[in-house]
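These notes concern the structure reproduced below.
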Amino acid sequence: MALDDESKTCAICHETLRLENCVIDEQGHAVHKSCYLRAVTKAKRTTYDETEELLQQARELREIADRLIKKSDALLTAYNKLTGHSKSPKVDRAQD
Ligand SMILES: [Zn+2]
């Protein structure tokens, strides 16, 4: 056997490896099957969490944008009432 001490140790938990329950991970390290599965699951969960977080942030930004648009509409309406331009809710200088 050409296995040295390093290759007999799990690269994840650093405990002694037994051939019957060891697998090789993406980096070519020998690891426990259970450690590998845990690492893979964790990685997947992290990616999932990240995407969920991004979605959540996007939703929050949209809500903020919605609120700002409504607020700006209200401000424009108030502006138009004050200035007597009640026709258009938008500020444009088309007619000069
Ligand atoms: Zn391990």
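FYI, nothing fancy with the structure tokens labels: chains A, B, ... in order, residues from 1 per chain, ligands from 1 as they appear.
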Could you list the protein, DNA and RNA residues that have any atom within 10 Å of ligand 1, counting only C-alpha atoms and all ligand atoms, and write them as a short mmCIF file (atom, residue, chain, number, x, y, z; two decimals) with C-alpha atoms, in the first residue's frame?
data_model
loop_
_atom_site.label_atom_id
_atom_site.label_comp_id
_atom_site.auth_asym_id
_atom_site.auth_seq_id
_atom_site.Cartn_x
_atom_site.Cartn_y
_atom_site.Cartn_z
CA THR A 9 -6.95 10.98 7.36
CA CYS A 10 -10.24 12.58 6.40
CA ALA A 11 -9.59 15.98 4.79
CA ILE A 12 -12.75 17.36 6.39
CA CYS A 13 -12.76 16.13 9.99
CA HIS A 14 -9.13 14.91 10.12
CA GLU A 15 -10.14 11.65 11.75
CA THR A 16 -8.69 8.32 10.64
CA LEU A 17 -10.18 6.99 7.44
CA ARG A 18 -11.28 3.45 6.75
CA ASN A 21 -16.42 4.32 4.18
CA CYS A 22 -14.09 6.71 2.39
CA VAL A 23 -14.78 8.61 -0.83
CA ALA A 30 -9.93 11.16 0.69
CA VAL A 31 -12.79 11.92 3.07
CA HIS A 32 -15.43 10.01 5.03
CA LYS A 33 -18.55 9.39 3.01
CA SER A 34 -20.63 10.98 5.77
CA CYS A 35 -18.34 14.02 5.92
CA TYR A 36 -18.51 14.41 2.15
CA ARG A 38 -22.53 16.69 4.91
CA ALA A 39 -20.20 19.08 3.06
#
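Residues of chain A carrying a DSSP assignment of strand (DSSP E), computed from the backbone, are Cys22, Val23, Ile24, Ala30, Val31 and His32 of chain A.
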Per-residue DSSP, chain A, filtered to alpha helix (DSSP H), as an MDAnalysis selection string: chainID A and resid 33:83
For the selection you just gave me, I'd like the residues written to a file as a compact mmCIF listing (two decimals), in the first residue's frame, keeping N, CA and C atoms.
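Output below, filename result-v1.txt:
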# COMPACT_ATOMS: atom_id res chain seq x y z
N LYS A 33 -17.35 9.23 3.81
CA LYS A 33 -18.55 9.39 3.01
C LYS A 33 -19.54 10.33 3.70
N SER A 34 -19.69 10.15 5.02
CA SER A 34 -20.63 10.98 5.77
C SER A 34 -20.18 12.44 5.79
N CYS A 35 -18.86 12.65 5.92
CA CYS A 35 -18.34 14.02 5.92
C CYS A 35 -18.57 14.67 4.56
N TYR A 36 -18.33 13.90 3.51
CA TYR A 36 -18.51 14.41 2.15
C TYR A 36 -19.96 14.81 1.91
N LEU A 37 -20.87 13.90 2.29
CA LEU A 37 -22.30 14.18 2.09
C LEU A 37 -22.72 15.42 2.88
N ARG A 38 -22.19 15.53 4.10
CA ARG A 38 -22.53 16.69 4.91
C ARG A 38 -22.02 17.97 4.24
N ALA A 39 -20.79 17.90 3.72
CA ALA A 39 -20.20 19.08 3.06
C ALA A 39 -21.01 19.46 1.82
N VAL A 40 -21.39 18.47 1.05
CA VAL A 40 -22.16 18.74 -0.17
C VAL A 40 -23.52 19.34 0.18
N THR A 41 -24.18 18.75 1.17
CA THR A 41 -25.48 19.24 1.60
C THR A 41 -25.37 20.67 2.09
N LYS A 42 -24.31 20.91 2.86
CA LYS A 42 -24.11 22.24 3.41
C LYS A 42 -23.91 23.25 2.29
N ALA A 43 -23.10 22.87 1.29
CA ALA A 43 -22.83 23.76 0.18
C ALA A 43 -24.12 24.09 -0.57
N LYS A 44 -24.93 23.04 -0.79
CA LYS A 44 -26.19 23.26 -1.49
C LYS A 44 -27.09 24.20 -0.69
N ARG A 45 -27.12 23.96 0.61
CA ARG A 45 -27.98 24.78 1.46
C ARG A 45 -27.51 26.23 1.42
N THR A 46 -26.18 26.41 1.40
CA THR A 46 -25.64 27.76 1.38
C THR A 46 -26.05 28.48 0.09
N THR A 47 -25.92 27.78 -1.04
CA THR A 47 -26.31 28.38 -2.31
C THR A 47 -27.80 28.72 -2.29
N TYR A 48 -28.60 27.78 -1.76
CA TYR A 48 -30.04 28.01 -1.68
C TYR A 48 -30.32 29.24 -0.82
N ASP A 49 -29.66 29.29 0.34
CA ASP A 49 -29.84 30.44 1.22
C ASP A 49 -29.48 31.73 0.52
N GLU A 50 -28.38 31.69 -0.22
CA GLU A 50 -27.95 32.89 -0.92
C GLU A 50 -28.97 33.36 -1.94
N THR A 51 -29.48 32.41 -2.73
CA THR A 51 -30.47 32.80 -3.73
C THR A 51 -31.73 33.32 -3.06
N GLU A 52 -32.12 32.65 -1.94
CA GLU A 52 -33.30 33.11 -1.21
C GLU A 52 -33.09 34.53 -0.71
N GLU A 53 -31.85 34.78 -0.24
CA GLU A 53 -31.55 36.10 0.29
C GLU A 53 -31.60 37.14 -0.82
N LEU A 54 -31.07 36.77 -1.99
CA LEU A 54 -31.10 37.70 -3.12
C LEU A 54 -32.54 38.02 -3.52
N LEU A 55 -33.37 36.95 -3.58
CA LEU A 55 -34.78 37.14 -3.92
C LEU A 55 -35.44 38.08 -2.92
N GLN A 56 -35.16 37.81 -1.64
CA GLN A 56 -35.75 38.62 -0.58
C GLN A 56 -35.35 40.08 -0.74
N GLN A 57 -34.07 40.29 -1.02
CA GLN A 57 -33.59 41.66 -1.20
C GLN A 57 -34.26 42.32 -2.39
N ALA A 58 -34.41 41.55 -3.48
CA ALA A 58 -35.05 42.08 -4.68
C ALA A 58 -36.50 42.48 -4.36
N ARG A 59 -37.19 41.59 -3.60
CA ARG A 59 -38.58 41.90 -3.23
C ARG A 59 -38.66 43.17 -2.40
N GLU A 60 -37.73 43.29 -1.46
CA GLU A 60 -37.74 44.47 -0.60
C GLU A 60 -37.49 45.73 -1.41
N LEU A 61 -36.54 45.64 -2.37
CA LEU A 61 -36.24 46.80 -3.20
C LEU A 61 -37.44 47.19 -4.05
N ARG A 62 -38.16 46.15 -4.55
CA ARG A 62 -39.35 46.43 -5.35
C ARG A 62 -40.43 47.12 -4.51
N GLU A 63 -40.56 46.64 -3.26
CA GLU A 63 -41.53 47.28 -2.38
C GLU A 63 -41.16 48.74 -2.15
N ILE A 64 -39.87 48.96 -1.92
CA ILE A 64 -39.40 50.33 -1.70
C ILE A 64 -39.64 51.17 -2.95
N ALA A 65 -39.32 50.60 -4.12
CA ALA A 65 -39.53 51.30 -5.38
C ALA A 65 -41.01 51.64 -5.56
N ASP A 66 -41.87 50.66 -5.27
CA ASP A 66 -43.32 50.88 -5.36
C ASP A 66 -43.74 52.05 -4.49
N ARG A 67 -43.24 52.00 -3.24
CA ARG A 67 -43.59 53.05 -2.29
C ARG A 67 -43.10 54.41 -2.79
N LEU A 68 -41.89 54.43 -3.33
CA LEU A 68 -41.33 55.69 -3.81
C LEU A 68 -42.12 56.21 -5.01
N ILE A 69 -42.53 55.31 -5.90
CA ILE A 69 -43.31 55.73 -7.06
C ILE A 69 -44.64 56.32 -6.61
N LYS A 70 -45.30 55.61 -5.65
CA LYS A 70 -46.58 56.13 -5.15
C LYS A 70 -46.39 57.48 -4.48
N LYS A 71 -45.30 57.58 -3.73
CA LYS A 71 -45.04 58.83 -3.03
C LYS A 71 -44.78 59.94 -4.03
N SER A 72 -44.00 59.63 -5.07
CA SER A 72 -43.69 60.66 -6.05
C SER A 72 -44.94 61.04 -6.85
N ASP A 73 -45.81 60.05 -7.11
CA ASP A 73 -47.09 60.35 -7.76
C ASP A 73 -47.89 61.33 -6.91
N ALA A 74 -47.93 61.04 -5.60
CA ALA A 74 -48.68 61.90 -4.69
C ALA A 74 -48.09 63.31 -4.68
N LEU A 75 -46.76 63.36 -4.66
CA LEU A 75 -46.10 64.67 -4.66
C LEU A 75 -46.40 65.43 -5.95
N LEU A 76 -46.38 64.71 -7.08
CA LEU A 76 -46.67 65.35 -8.36
C LEU A 76 -48.11 65.83 -8.41
N THR A 77 -49.02 65.00 -7.86
CA THR A 77 -50.42 65.40 -7.81
C THR A 77 -50.58 66.68 -6.99
N ALA A 78 -49.92 66.70 -5.84
CA ALA A 78 -49.97 67.89 -5.00
C ALA A 78 -49.36 69.09 -5.72
N TYR A 79 -48.26 68.85 -6.38
CA TYR A 79 -47.61 69.93 -7.14
C TYR A 79 -48.54 70.47 -8.21
N ASN A 80 -49.16 69.53 -8.95
CA ASN A 80 -50.04 69.95 -10.03
C ASN A 80 -51.26 70.70 -9.50
N LYS A 81 -51.76 70.27 -8.34
CA LYS A 81 -52.89 70.99 -7.74
C LYS A 81 -52.48 72.41 -7.39
N LEU A 82 -51.31 72.54 -6.79
CA LEU A 82 -50.83 73.85 -6.36
C LEU A 82 -50.55 74.76 -7.54
N THR A 83 -50.02 74.20 -8.62
CA THR A 83 -49.65 75.03 -9.76
C THR A 83 -50.77 75.14 -10.79
